[in-house]
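One file, final.tsv, carrying TSV, C-alpha atoms (C1' of nucleotides):
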chain	number	residue	atom	x	y	z
F	1	MET	CA	28.05	16.82	-22.09
F	2	LEU	CA	25.30	15.05	-20.25
F	3	GLY	CA	23.22	18.16	-19.54
F	4	ALA	CA	19.52	18.75	-19.99
F	5	MET	CA	17.86	16.29	-22.35
F	6	THR	CA	15.44	18.95	-23.34
F	7	ASP	CA	14.59	19.58	-26.95
F	8	ARG	CA	14.25	23.07	-28.43
F	9	ASP	CA	10.54	23.15	-27.64
F	10	GLY	CA	11.41	22.64	-24.02
F	11	ARG	CA	10.03	19.14	-23.90
F	12	LEU	CA	11.54	16.83	-21.39
F	13	ALA	CA	12.78	13.29	-21.82
F	14	ILE	CA	11.63	10.99	-19.07
F	15	GLY	CA	15.00	10.96	-17.37
F	16	GLU	CA	15.05	14.70	-17.27
F	17	LEU	CA	11.57	14.89	-15.82
F	18	ALA	CA	12.55	12.25	-13.30
F	19	ALA	CA	15.63	14.17	-12.21
F	20	ARG	CA	13.74	17.42	-11.88
F	21	SER	CA	10.70	16.08	-10.16
F	22	GLY	CA	12.52	13.65	-7.95
F	23	VAL	CA	10.27	10.84	-9.14
F	24	ALA	CA	11.63	7.66	-10.72
F	25	PRO	CA	11.09	7.05	-14.43
F	26	SER	CA	9.18	3.89	-13.62
F	27	ALA	CA	6.80	5.89	-11.48
F	28	LEU	CA	6.40	8.48	-14.21
F	29	ARG	CA	5.45	5.80	-16.70
F	30	TYR	CA	3.01	4.52	-14.20
F	31	TYR	CA	1.52	7.97	-13.70
F	32	GLU	CA	1.19	8.31	-17.41
F	33	GLU	CA	-0.56	5.00	-17.64
F	34	LEU	CA	-3.02	6.27	-15.08
F	35	GLY	CA	-3.50	9.46	-17.04
F	36	LEU	CA	-1.92	11.78	-14.50
F	37	ILE	CA	0.54	13.10	-17.02
F	38	HIS	CA	0.73	12.93	-20.79
F	39	SER	CA	3.49	12.79	-23.34
F	40	GLU	CA	4.12	12.86	-27.02
F	41	ARG	CA	6.54	10.54	-28.70
F	42	THR	CA	9.61	11.17	-30.79
F	43	ALA	CA	10.10	9.45	-34.12
F	44	GLY	CA	11.97	6.79	-32.18
F	45	ASN	CA	9.07	6.27	-29.79
F	46	GLN	CA	10.58	7.99	-26.81
F	47	ARG	CA	8.42	10.06	-24.51
F	48	ARG	CA	8.69	13.81	-24.51
F	49	TYR	CA	6.83	15.56	-21.75
F	50	PRO	CA	5.57	19.11	-22.03
F	51	ARG	CA	6.99	21.28	-19.29
F	52	THR	CA	3.63	21.43	-17.60
F	53	ALA	CA	4.23	17.83	-16.63
F	54	LEU	CA	6.66	19.15	-14.05
F	55	ARG	CA	3.87	21.02	-12.38
F	56	ARG	CA	1.57	18.06	-12.62
F	57	VAL	CA	4.03	15.70	-11.04
F	58	ALA	CA	4.65	18.12	-8.21
F	59	PHE	CA	0.93	18.26	-7.80
F	60	VAL	CA	0.69	14.51	-7.59
F	61	ARG	CA	3.32	14.25	-4.91
F	62	ALA	CA	1.77	17.00	-2.92
F	63	ALA	CA	-1.58	15.31	-3.20
F	64	GLN	CA	-0.21	12.09	-1.87
F	65	GLN	CA	1.12	13.96	1.12
F	66	VAL	CA	-2.37	15.12	1.81
F	67	GLY	CA	-3.54	11.57	1.59
F	68	LEU	CA	-5.24	11.42	-1.78
F	69	SER	CA	-5.15	8.36	-3.96
F	70	LEU	CA	-3.79	8.65	-7.46
F	71	GLU	CA	-7.28	8.12	-8.74
F	72	GLU	CA	-8.50	11.14	-6.84
F	73	VAL	CA	-5.58	13.12	-8.15
F	74	ARG	CA	-6.44	12.08	-11.65
F	75	ALA	CA	-9.93	13.39	-11.20
F	76	ALA	CA	-8.58	16.75	-10.08
F	77	LEU	CA	-5.93	16.90	-12.74
F	78	ASP	CA	-8.36	16.01	-15.49
F	79	ARG	CA	-9.72	19.48	-15.20
F	80	LEU	CA	-6.45	21.01	-16.27
F	81	PRO	CA	-5.28	21.22	-19.87
F	82	VAL	CA	-2.79	18.64	-20.96
F	83	ASP	CA	-0.37	20.76	-22.92
F	84	ARG	CA	-0.75	24.38	-21.96
F	85	ALA	CA	-0.23	26.02	-18.62
F	86	PRO	CA	-3.58	26.24	-16.88
F	87	SER	CA	-5.56	29.46	-16.99
F	88	ALA	CA	-6.23	31.28	-13.75
F	89	THR	CA	-9.77	30.02	-13.73
F	90	GLU	CA	-8.76	26.45	-14.35
F	91	TRP	CA	-6.14	26.57	-11.71
F	92	ASN	CA	-8.36	28.23	-9.18
F	93	ALA	CA	-11.02	25.60	-9.55
F	94	VAL	CA	-8.57	22.88	-8.74
F	95	ALA	CA	-6.73	24.81	-6.08
F	96	ARG	CA	-9.85	25.67	-4.18
F	97	THR	CA	-10.96	22.11	-3.66
F	98	TRP	CA	-7.45	21.43	-2.53
F	99	GLN	CA	-7.42	24.12	0.01
F	100	ARG	CA	-10.46	22.65	1.63
F	101	ARG	CA	-8.90	19.25	1.80
F	102	ILE	CA	-5.71	20.61	3.21
F	103	GLU	CA	-7.55	22.64	5.77
F	104	ASP	CA	-9.59	19.67	6.84
F	105	ARG	CA	-6.48	17.65	7.15
F	106	ILE	CA	-4.79	20.32	9.22
F	107	ALA	CA	-7.80	20.66	11.47
F	108	GLU	CA	-7.78	16.93	12.02
F	109	LEU	CA	-4.15	16.97	12.99
F	110	GLU	CA	-4.68	19.94	15.26
F	111	ARG	CA	-7.36	18.05	17.13
F	112	LEU	CA	-5.05	15.12	17.48
F	113	LYS	CA	-2.32	17.34	18.81
F	114	GLU	CA	-4.64	18.99	21.25
F	115	ARG	CA	-5.49	15.67	22.74
F	116	LEU	CA	-1.92	14.71	23.11
F	117	THR	CA	-0.86	18.09	24.40
F	118	GLY	CA	-3.65	18.32	26.91
F	119	CYS	CA	-2.75	14.98	28.28
F	120	ILE	CA	0.88	15.88	28.63
F	121	GLY	CA	0.00	19.21	30.14
F	122	CYS	CA	-1.94	17.76	33.01
F	123	GLY	CA	0.18	14.68	33.30
F	124	CYS	CA	-2.83	12.52	33.71
F	125	LEU	CA	-3.30	9.04	32.44
F	126	SER	CA	-7.01	8.95	32.51
F	127	LEU	CA	-8.78	11.52	30.46
F	128	ARG	CA	-11.80	10.79	32.54
F	129	LYS	CA	-10.17	12.80	35.29
F	130	CYS	CA	-9.08	15.49	32.92
F	131	GLY	CA	-11.13	18.37	31.59
F	132	LEU	CA	-10.10	17.58	28.07
F	133	TYR	CA	-11.83	14.29	28.12
F	134	ASN	CA	-14.85	14.24	25.91
F	135	PRO	CA	-17.64	12.60	27.88
F	136	HIS	CA	-19.69	12.10	24.75
F	137	ASP	CA	-17.20	9.49	23.83
F	138	ALA	CA	-17.39	7.45	26.96
F	139	ALA	CA	-19.84	4.70	26.20
F	140	GLY	CA	-17.99	2.98	23.42
F	141	LYS	CA	-21.36	2.14	21.96
F	142	HIS	CA	-21.42	4.16	18.76
F	143	GLY	CA	-20.85	2.32	15.52
F	144	PRO	CA	-17.56	1.71	13.81
F	145	GLY	CA	-15.54	4.58	12.49
F	146	ALA	CA	-12.99	7.06	13.67
F	147	ARG	CA	-12.18	6.92	17.35
F	148	TYR	CA	-10.57	9.43	19.54
F	149	LEU	CA	-7.00	8.79	20.32
F	150	MET	CA	-7.56	9.05	23.99
F	151	GLU	CA	-10.93	7.47	24.27
F	152	GLU	CA	-10.97	6.25	27.81
F	153	ASP	CA	-10.94	2.59	28.61
F	154	ASP	CA	-14.11	1.41	30.27
F	155	PRO	CA	-14.70	2.60	33.74
F	156	GLU	CA	-12.88	0.12	35.87
F	157	PRO	CA	-14.95	-2.56	37.55
F	158	ALA	CA	-16.13	-1.21	40.88
F	159	GLY	CA	-13.71	-2.14	43.61
F	160	THR	CA	-10.58	-1.98	41.54
F	161	ARG	CA	-7.99	0.18	43.23
N	1	MET	CA	-28.35	-11.11	25.28
N	2	LEU	CA	-25.60	-10.28	22.88
N	3	GLY	CA	-24.04	-7.55	24.99
N	4	ALA	CA	-20.45	-6.98	25.96
N	5	MET	CA	-18.24	-10.02	25.55
N	6	THR	CA	-16.12	-8.82	28.38
N	7	ASP	CA	-14.99	-11.13	31.13
N	8	ARG	CA	-14.92	-10.15	34.80
N	9	ASP	CA	-11.38	-8.91	34.49
N	10	GLY	CA	-12.52	-6.49	31.86
N	11	ARG	CA	-10.74	-8.32	29.08
N	12	LEU	CA	-12.20	-7.98	25.65
N	13	ALA	CA	-12.93	-10.64	23.10
N	14	ILE	CA	-11.79	-9.73	19.64
N	15	GLY	CA	-15.28	-8.94	18.43
N	16	GLU	CA	-15.79	-6.60	21.30
N	17	LEU	CA	-12.52	-4.82	20.69
N	18	ALA	CA	-13.41	-4.61	17.03
N	19	ALA	CA	-16.78	-3.05	17.76
N	20	ARG	CA	-15.35	-0.55	20.19
N	21	SER	CA	-12.35	0.46	18.19
N	22	GLY	CA	-14.05	0.46	14.83
N	23	VAL	CA	-11.38	-1.86	13.45
N	24	ALA	CA	-12.18	-5.23	11.89
N	25	PRO	CA	-11.22	-8.41	13.72
N	26	SER	CA	-9.02	-9.42	10.83
N	27	ALA	CA	-7.13	-6.17	11.17
N	28	LEU	CA	-6.79	-6.66	14.89
N	29	ARG	CA	-5.29	-10.10	14.39
N	30	TYR	CA	-2.96	-8.54	11.91
N	31	TYR	CA	-1.97	-5.83	14.36
N	32	GLU	CA	-1.31	-8.46	16.94
N	33	GLU	CA	0.84	-10.40	14.54
N	34	LEU	CA	2.87	-7.24	14.05
N	35	GLY	CA	3.14	-6.76	17.78
N	36	LEU	CA	1.06	-3.61	17.98
N	37	ILE	CA	-1.30	-5.15	20.48
N	38	HIS	CA	-1.09	-8.22	22.66
N	39	SER	CA	-3.55	-10.71	24.03
N	40	GLU	CA	-3.81	-13.66	26.33
N	41	ARG	CA	-5.74	-16.73	25.45
N	42	THR	CA	-8.66	-18.45	27.10
N	43	ALA	CA	-8.58	-22.18	27.81
N	44	GLY	CA	-10.29	-22.58	24.45
N	45	ASN	CA	-7.60	-20.55	22.67
N	46	GLN	CA	-9.60	-17.44	22.10
N	47	ARG	CA	-7.96	-14.06	22.39
N	48	ARG	CA	-8.69	-11.83	25.32
N	49	TYR	CA	-7.35	-8.32	25.07
N	50	PRO	CA	-6.53	-6.18	28.06
N	51	ARG	CA	-8.46	-2.93	28.02
N	52	THR	CA	-5.33	-1.01	27.25
N	53	ALA	CA	-5.57	-2.53	23.79
N	54	LEU	CA	-8.37	-0.09	23.13
N	55	ARG	CA	-6.00	2.78	23.69
N	56	ARG	CA	-3.34	1.14	21.58
N	57	VAL	CA	-5.64	0.57	18.66
N	58	ALA	CA	-6.83	4.16	18.81
N	59	PHE	CA	-3.20	5.13	18.79
N	60	VAL	CA	-2.51	3.05	15.74
N	61	ARG	CA	-5.36	4.57	13.78
N	62	ALA	CA	-4.33	8.05	14.75
N	63	ALA	CA	-0.78	7.30	13.73
N	64	GLN	CA	-1.88	6.16	10.32
N	65	GLN	CA	-3.69	9.44	9.87
N	66	VAL	CA	-0.45	11.20	10.50
N	67	GLY	CA	1.15	9.04	7.85
N	68	LEU	CA	3.15	6.58	9.90
N	69	SER	CA	3.64	2.99	8.87
N	70	LEU	CA	2.60	0.24	11.22
N	71	GLU	CA	6.23	-0.55	11.72
N	72	GLU	CA	6.89	2.95	12.97
N	73	VAL	CA	3.90	2.71	15.23
N	74	ARG	CA	5.19	-0.53	16.62
N	75	ALA	CA	8.44	1.16	17.50
N	76	ALA	CA	6.60	3.86	19.38
N	77	LEU	CA	4.21	1.48	21.05
N	78	ASP	CA	6.97	-0.83	22.14
N	79	ARG	CA	7.86	1.70	24.76
N	80	LEU	CA	4.54	1.30	26.47
N	81	PRO	CA	3.73	-1.56	28.82
N	82	VAL	CA	1.67	-4.36	27.37
N	83	ASP	CA	-0.76	-4.97	30.15
N	84	ARG	CA	-0.94	-1.97	32.43
N	85	ALA	CA	-2.00	1.54	31.63
N	86	PRO	CA	1.10	3.57	30.85
N	87	SER	CA	2.65	5.75	33.52
N	88	ALA	CA	2.76	9.48	32.99
N	89	THR	CA	6.41	9.27	32.13
N	90	GLU	CA	5.95	6.47	29.67
N	91	TRP	CA	3.09	8.18	28.01
N	92	ASN	CA	4.82	11.51	27.83
N	93	ALA	CA	7.84	10.03	26.14
N	94	VAL	CA	5.71	8.60	23.39
N	95	ALA	CA	3.40	11.58	23.16
N	96	ARG	CA	6.22	14.05	22.81
N	97	THR	CA	7.75	12.41	19.77
N	98	TRP	CA	4.28	12.36	18.38
N	99	GLN	CA	3.71	15.98	18.86
N	100	ARG	CA	6.79	16.73	16.86
N	101	ARG	CA	5.66	14.56	14.02
N	102	ILE	CA	2.24	16.05	14.02
N	103	GLU	CA	3.63	19.54	14.09
N	104	ASP	CA	5.96	18.79	11.23
N	105	ARG	CA	3.10	17.37	9.29
N	106	ILE	CA	0.97	20.41	9.98
N	107	ALA	CA	3.76	22.76	9.00
N	108	GLU	CA	4.19	20.88	5.78
N	109	LEU	CA	0.53	21.18	4.97
N	110	GLU	CA	0.55	24.85	5.88
N	111	ARG	CA	3.33	25.47	3.42
N	112	LEU	CA	1.41	23.63	0.79
N	113	LYS	CA	-1.65	25.69	1.47
N	114	GLU	CA	0.30	28.91	1.38
N	115	ARG	CA	1.51	28.13	-2.06
N	116	LEU	CA	-1.90	27.36	-3.29
N	117	THR	CA	-3.48	30.32	-1.57
N	118	GLY	CA	-0.86	32.76	-2.71
N	119	CYS	CA	-1.35	31.69	-6.25
N	120	ILE	CA	-5.06	32.08	-6.04
N	121	GLY	CA	-4.69	35.40	-4.32
N	122	CYS	CA	-2.71	37.00	-7.07
N	123	GLY	CA	-4.39	35.09	-9.82
N	124	CYS	CA	-1.09	34.42	-11.48
N	125	LEU	CA	-0.08	31.35	-13.34
N	126	SER	CA	3.59	31.84	-13.16
N	127	LEU	CA	5.05	32.04	-9.73
N	128	ARG	CA	8.03	33.65	-11.32
N	129	LYS	CA	5.99	36.79	-11.59
N	130	CYS	CA	4.64	36.41	-8.13
N	131	GLY	CA	6.33	37.41	-4.90
N	132	LEU	CA	5.64	34.03	-3.42
N	133	TYR	CA	7.84	32.29	-5.86
N	134	ASN	CA	10.96	30.93	-4.31
N	135	PRO	CA	13.84	31.85	-6.62
N	136	HIS	CA	16.12	29.38	-4.90
N	137	ASP	CA	14.09	26.70	-6.55
N	138	ALA	CA	14.37	27.97	-10.09
N	139	ALA	CA	17.22	26.05	-11.57
N	140	GLY	CA	15.83	22.57	-11.27
N	141	LYS	CA	19.36	21.37	-10.73
N	142	HIS	CA	19.30	20.10	-7.18
N	143	GLY	CA	19.19	16.37	-6.68
N	144	PRO	CA	16.12	14.24	-6.29
N	145	GLY	CA	13.80	14.70	-3.36
N	146	ALA	CA	10.80	16.74	-2.38
N	147	ARG	CA	9.81	19.44	-4.79
N	148	TYR	CA	7.68	22.46	-4.33
N	149	LEU	CA	4.20	22.17	-5.57
N	150	MET	CA	4.51	25.27	-7.61
N	151	GLU	CA	8.05	24.98	-8.75
N	152	GLU	CA	8.10	27.03	-11.88
N	153	ASP	CA	8.63	25.42	-15.23
N	154	ASP	CA	11.87	26.45	-16.81
N	155	PRO	CA	12.12	29.98	-18.02
N	156	GLU	CA	10.56	29.90	-21.43
N	157	PRO	CA	12.92	29.85	-24.37
N	158	ALA	CA	13.75	33.43	-25.28
N	159	GLY	CA	11.38	34.73	-27.90
N	160	THR	CA	8.36	32.79	-26.77
N	161	ARG	CA	5.43	35.16	-26.31
K	1	DC	C1'	-27.81	-30.17	26.29
K	2	DT	C1'	-27.99	-28.00	22.02
K	3	DG	C1'	-27.61	-24.78	18.65
K	4	DC	C1'	-25.63	-20.98	16.58
K	5	DA	C1'	-22.82	-17.03	16.59
K	6	DA	C1'	-18.16	-15.93	17.53
K	7	DT	C1'	-13.38	-17.58	17.24
K	8	DC	C1'	-9.47	-20.02	15.66
K	9	DT	C1'	-5.63	-21.04	12.03
K	10	DC	C1'	-3.71	-20.80	7.54
K	11	DA	C1'	-3.31	-19.99	3.00
K	12	DA	C1'	-4.52	-17.23	-0.54
K	13	DG	C1'	-6.35	-13.08	-2.57
K	14	DT	C1'	-6.83	-7.84	-3.16
K	15	DC	C1'	-5.72	-3.05	-3.80
K	16	DC	C1'	-2.46	0.44	-4.27
K	17	DC	C1'	1.84	2.07	-5.83
K	18	DC	C1'	5.48	1.17	-7.75
K	19	DT	C1'	10.24	-1.51	-8.92
K	20	DT	C1'	12.85	-5.02	-11.34
K	21	DG	C1'	14.24	-7.67	-15.16
K	22	DA	C1'	14.61	-9.40	-19.76
K	23	DG	C1'	15.22	-8.40	-24.30
K	24	DG	C1'	15.46	-4.95	-27.67
K	25	DT	C1'	15.88	0.14	-29.71
K	26	DC	C1'	17.62	5.07	-29.94
K	27	DA	C1'	20.85	8.77	-30.11
K	28	DA	C1'	24.92	11.29	-29.54
K	29	DG	C1'	30.10	11.64	-28.44
K	30	DG	C1'	34.60	9.86	-29.82
O	1	DC	C1'	30.98	3.48	-37.42
O	2	DC	C1'	30.62	2.04	-32.86
O	3	DT	C1'	29.89	2.07	-28.25
O	4	DT	C1'	27.38	3.42	-24.32
O	5	DG	C1'	23.85	5.18	-21.83
O	6	DA	C1'	19.04	6.49	-22.01
O	7	DC	C1'	14.60	4.58	-23.55
O	8	DC	C1'	11.08	1.24	-24.88
O	9	DT	C1'	7.56	-2.72	-23.72
O	10	DC	C1'	5.71	-6.18	-21.13
O	11	DA	C1'	5.46	-9.38	-17.50
O	12	DA	C1'	6.43	-10.33	-13.03
O	13	DG	C1'	7.77	-9.21	-8.35
O	14	DG	C1'	7.32	-6.67	-3.83
O	15	DG	C1'	5.81	-4.24	0.25
O	16	DG	C1'	2.14	-2.52	3.06
O	17	DA	C1'	-2.19	-3.29	4.99
O	18	DC	C1'	-5.62	-5.91	5.15
O	19	DT	C1'	-9.76	-9.20	3.62
O	20	DT	C1'	-11.66	-13.55	2.37
O	21	DG	C1'	-12.48	-18.38	2.63
O	22	DA	C1'	-12.26	-23.07	4.27
O	23	DG	C1'	-12.55	-26.12	7.78
O	24	DA	C1'	-12.43	-26.83	12.64
O	25	DT	C1'	-13.54	-25.25	17.49
O	26	DT	C1'	-15.55	-22.62	21.43
O	27	DG	C1'	-18.83	-20.84	24.46
O	28	DC	C1'	-22.93	-18.71	25.97
O	29	DA	C1'	-28.44	-18.17	25.58
O	30	DG	C1'	-32.25	-20.93	25.94
Represent the structure of the file as structure tokens.
Amino acid sequence: MLGAMTDRDGRLAIGELAARSGVAPSALRYYEELGLIHSERTAGNQRRYPRTALRRVAFVRAAQQVGLSLEEVRAALDRLPVDRAPSATEWNAVARTWQRRIEDRIAELERLKERLTGCIGCGCLSLRKCGLYNPHDAAGKHGPGARYLMEEDDPEPAGTR
Amino acid sequence: MLGAMTDRDGRLAIGELAARSGVAPSALRYYEELGLIHSERTAGNQRRYPRTALRRVAFVRAAQQVGLSLEEVRAALDRLPVDRAPSATEWNAVARTWQRRIEDRIAELERLKERLTGCIGCGCLSLRKCGLYNPHDAAGKHGPGARYLMEEDDPEPAGTR
DNA sequence: CTGCAATCTCAAGTCCCCTTGAGGTCAAGG
DNA sequence: CCTTGACCTCAAGGGGACTTGAGATTGCAG
């Protein structure tokens, strides 16, 4: 039978980890190279991942969703033990910084949505004519960086229309 | 004076668009190559962007935040006119699909946060022991794809602990 | 006019995140 | 035993999103 390639200690072969995490073996090797996950080797030099790797991989994917680079993830994950399940304290430390990031991300998206929604709500094309328009953002003179989605185009040259 | 490189028609030179959008000229040329924005040329072959390009660029950056590829953005942007400001209808069509995406994205992040928060709240390490754990996800047998952040490791071999 | 910053075109390079391929080894069912 | 599928390493390839550099204009202040 082709079932779980899991040894008695519950360690996972790379294929097994791949199947369960939904991440390709090649990606897992890559993650390992980057130090995101860790394995031991069998006598025959094959990787055997501790079951905590499953959690770590899930973590990595989630992190990417939130927009973190693998390097950032590594930094976070480095604070967790390699082979045991994390203690409450260890986990909390990591989780808390995550929550902030996620919340920030959500807030950002909410703002974006507001802008879109507001504009649909009033059916206007020019936020200048719409209460939702942020006048602070009119000049287009501030340095580079994030812009508002609906930053208004310049006031039209006098006489147009 | 080095002020606005904007011709009487309100068209923007690439440097001007770059400064106002916070996006490098090289990136703008790249966007144009991909068809995200469009320009006309001066007699001397320099680009002149219509002011609507400002809106488009802002759109692109916002879209990237939400996790869309430039190709996806192009698809959305293709429904807007190149040179005029979009009509209410045109804009609404685009905006509505956006709202859905943003909402999905937010929901996804909320779920992620819930998992994290719940786990911090009860201080547990094993979601199996925690009401928030989703038993449906226990077997680890479903095909590849998205996994839960806190998918539990396999039940420990009987006798452990 | 002139000078100098801003543009132009291309080709090539970079960073991130992986995938593919070649050539060889391991391990378990028949 | 032997075959077959899972693994291994290492080098190279690939896509996305840009940046950089070289060499050649363009165009506006003075």
### Message
Calculated over all atoms listed in the file, which of the candidates N:Tyr30, N:Arg96, N:Leu68, N:His38 has the smallest distance to DT19 (chain O)?
### Response
N:Tyr30
### Task
Compute the set of chain N residues within 8 Å of chain O, using only C-alpha atoms (C1' of nucleotides), and express it as a PyMOL selection string.
chain N and resi 1+26-27+30+44+46
Go ahead and dump the residues you just picked, C-alpha atoms, as a short mmCIF file (atom, residue, chain, number, x, y, z; two decimals), keeping the file's coordinate frame.
data_model
loop_
_atom_site.label_atom_id
_atom_site.label_comp_id
_atom_site.auth_asym_id
_atom_site.auth_seq_id
_atom_site.Cartn_x
_atom_site.Cartn_y
_atom_site.Cartn_z
CA MET N 1 -28.35 -11.11 25.28
CA SER N 26 -9.02 -9.42 10.83
CA ALA N 27 -7.13 -6.17 11.17
CA TYR N 30 -2.96 -8.54 11.91
CA GLY N 44 -10.29 -22.58 24.45
CA GLN N 46 -9.60 -17.44 22.10
#
With only C-alpha atoms (C1' of nucleotides) counted and 12 Å as the cut-off, give the residues of chain K in contact with chain N, each with its shortest interatomic distance in Å and the pair that gives it, as a tab-separated table.
residue	atom	partner	partner_atom	distance
K:DA5	C1'	N:Leu2	CA	9.6
K:DA6	C1'	N:Gly15	CA	7.6
K:DT7	C1'	N:Gln46	CA	6.2
K:DC8	C1'	N:Gln46	CA	6.9
K:DT9	C1'	N:Asn45	CA	10.8
Could you give me the centre and size, in Å to one decimal, of an axis-aligned box around all listed atoms of region 14-29 of chain O with 3 Å added on every side, as AutoDock Vina command-line options?
--center_x -10.6 --center_y -14.7 --center_z 11.1 --size_x 41.8 --size_y 30.3 --size_z 35.8
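CA of Gly67 (chain N) is positioned 22.8 Å from CA of Thr52 (chain N).
In this structure, CA of Trp91 (chain N) sits 9.7 Å away from CA of Leu77 (chain N).
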### Message
For a quick check of your reading of the model, name the residues lying within 9 Å of the coordinate (-0.6, 3.4, -1.6), counting all atoms listed in the file, and write them as a list in words.
### Response
Gln64, Ser69 and Leu70 of chain F; DC15, DC16, DC17 and DC18 of chain K; DG16 of chain O
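Taking CA of Ala18 (chain F) and CA of Val82 (chain F) as endpoints, the distance between them is 18.3 Å.
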#### Entry: Proximity to chain N - best of F:Arg101, F:Arg74, F:Arg51, F:Arg111, all atoms listed in the file
F:Arg51
### Message
Report as number ranges by chain all protein, DNA and RNA residues lying within 12 Å of Leu36 (chain N), evaluated on only C-alpha atoms (C1' of nucleotides), omitting residues in the same chain fewer than 3 positions from it.
### Response
N: 27-33, 39, 49, 52-61, 63, 69-82
Write to file, as a PDB file, keeping the file's coordinate frame, the residues of the selection just made, with C-alpha atoms.
ATOM      1  CA  ALA N  27      -7.130  -6.170  11.170  1.00  0.00           C
ATOM      2  CA  LEU N  28      -6.790  -6.660  14.890  1.00  0.00           C
ATOM      3  CA  ARG N  29      -5.290 -10.100  14.390  1.00  0.00           C
ATOM      4  CA  TYR N  30      -2.960  -8.540  11.910  1.00  0.00           C
ATOM      5  CA  TYR N  31      -1.970  -5.830  14.360  1.00  0.00           C
ATOM      6  CA  GLU N  32      -1.310  -8.460  16.940  1.00  0.00           C
ATOM      7  CA  GLU N  33       0.840 -10.400  14.540  1.00  0.00           C
ATOM      8  CA  SER N  39      -3.550 -10.710  24.030  1.00  0.00           C
ATOM      9  CA  TYR N  49      -7.350  -8.320  25.070  1.00  0.00           C
ATOM     10  CA  THR N  52      -5.330  -1.010  27.250  1.00  0.00           C
ATOM     11  CA  ALA N  53      -5.570  -2.530  23.790  1.00  0.00           C
ATOM     12  CA  LEU N  54      -8.370  -0.090  23.130  1.00  0.00           C
ATOM     13  CA  ARG N  55      -6.000   2.780  23.690  1.00  0.00           C
ATOM     14  CA  ARG N  56      -3.340   1.140  21.580  1.00  0.00           C
ATOM     15  CA  VAL N  57      -5.640   0.570  18.660  1.00  0.00           C
ATOM     16  CA  ALA N  58      -6.830   4.160  18.810  1.00  0.00           C
ATOM     17  CA  PHE N  59      -3.200   5.130  18.790  1.00  0.00           C
ATOM     18  CA  VAL N  60      -2.510   3.050  15.740  1.00  0.00           C
ATOM     19  CA  ARG N  61      -5.360   4.570  13.780  1.00  0.00           C
ATOM     20  CA  ALA N  63      -0.780   7.300  13.730  1.00  0.00           C
ATOM     21  CA  SER N  69       3.640   2.990   8.870  1.00  0.00           C
ATOM     22  CA  LEU N  70       2.600   0.240  11.220  1.00  0.00           C
ATOM     23  CA  GLU N  71       6.230  -0.550  11.720  1.00  0.00           C
ATOM     24  CA  GLU N  72       6.890   2.950  12.970  1.00  0.00           C
ATOM     25  CA  VAL N  73       3.900   2.710  15.230  1.00  0.00           C
ATOM     26  CA  ARG N  74       5.190  -0.530  16.620  1.00  0.00           C
ATOM     27  CA  ALA N  75       8.440   1.160  17.500  1.00  0.00           C
ATOM     28  CA  ALA N  76       6.600   3.860  19.380  1.00  0.00           C
ATOM     29  CA  LEU N  77       4.210   1.480  21.050  1.00  0.00           C
ATOM     30  CA  ASP N  78       6.970  -0.830  22.140  1.00  0.00           C
ATOM     31  CA  ARG N  79       7.860   1.700  24.760  1.00  0.00           C
ATOM     32  CA  LEU N  80       4.540   1.300  26.470  1.00  0.00           C
ATOM     33  CA  PRO N  81       3.730  -1.560  28.820  1.00  0.00           C
ATOM     34  CA  VAL N  82       1.670  -4.360  27.370  1.00  0.00           C
TER      35      VAL N  82
END
### Message
Neighbouring residues of Trp98 (chain N) were defined as those with any atom within 10 Å, considering only C-alpha atoms (C1' of nucleotides); residues of the same chain fewer than 4 positions away were excluded. Please report them as an NGL selection string.
### Response
(:F and (112-113 or 116-117)) or (:N and (63 or 66 or 76 or 92-94 or 102-104))
Go ahead and dump the residues you just picked, C-alpha atoms, as a short mmCIF file (atom, residue, chain, number, x, y, z; two decimals), keeping the file's coordinate frame.
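Listed below is the output, selection.cif:
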data_model
loop_
_atom_site.label_atom_id
_atom_site.label_comp_id
_atom_site.auth_asym_id
_atom_site.auth_seq_id
_atom_site.Cartn_x
_atom_site.Cartn_y
_atom_site.Cartn_z
CA LEU F 112 -5.05 15.12 17.48
CA LYS F 113 -2.32 17.34 18.81
CA LEU F 116 -1.92 14.71 23.11
CA THR F 117 -0.86 18.09 24.40
CA ALA N 63 -0.78 7.30 13.73
CA VAL N 66 -0.45 11.20 10.50
CA ALA N 76 6.60 3.86 19.38
CA ASN N 92 4.82 11.51 27.83
CA ALA N 93 7.84 10.03 26.14
CA VAL N 94 5.71 8.60 23.39
CA ILE N 102 2.24 16.05 14.02
CA GLU N 103 3.63 19.54 14.09
CA ASP N 104 5.96 18.79 11.23
#
### Which residue of F:Pro86, F:Pro50, F:Gly22, F:Gly35 approaches chain N most closely, using all atoms listed in the file
F:Gly22
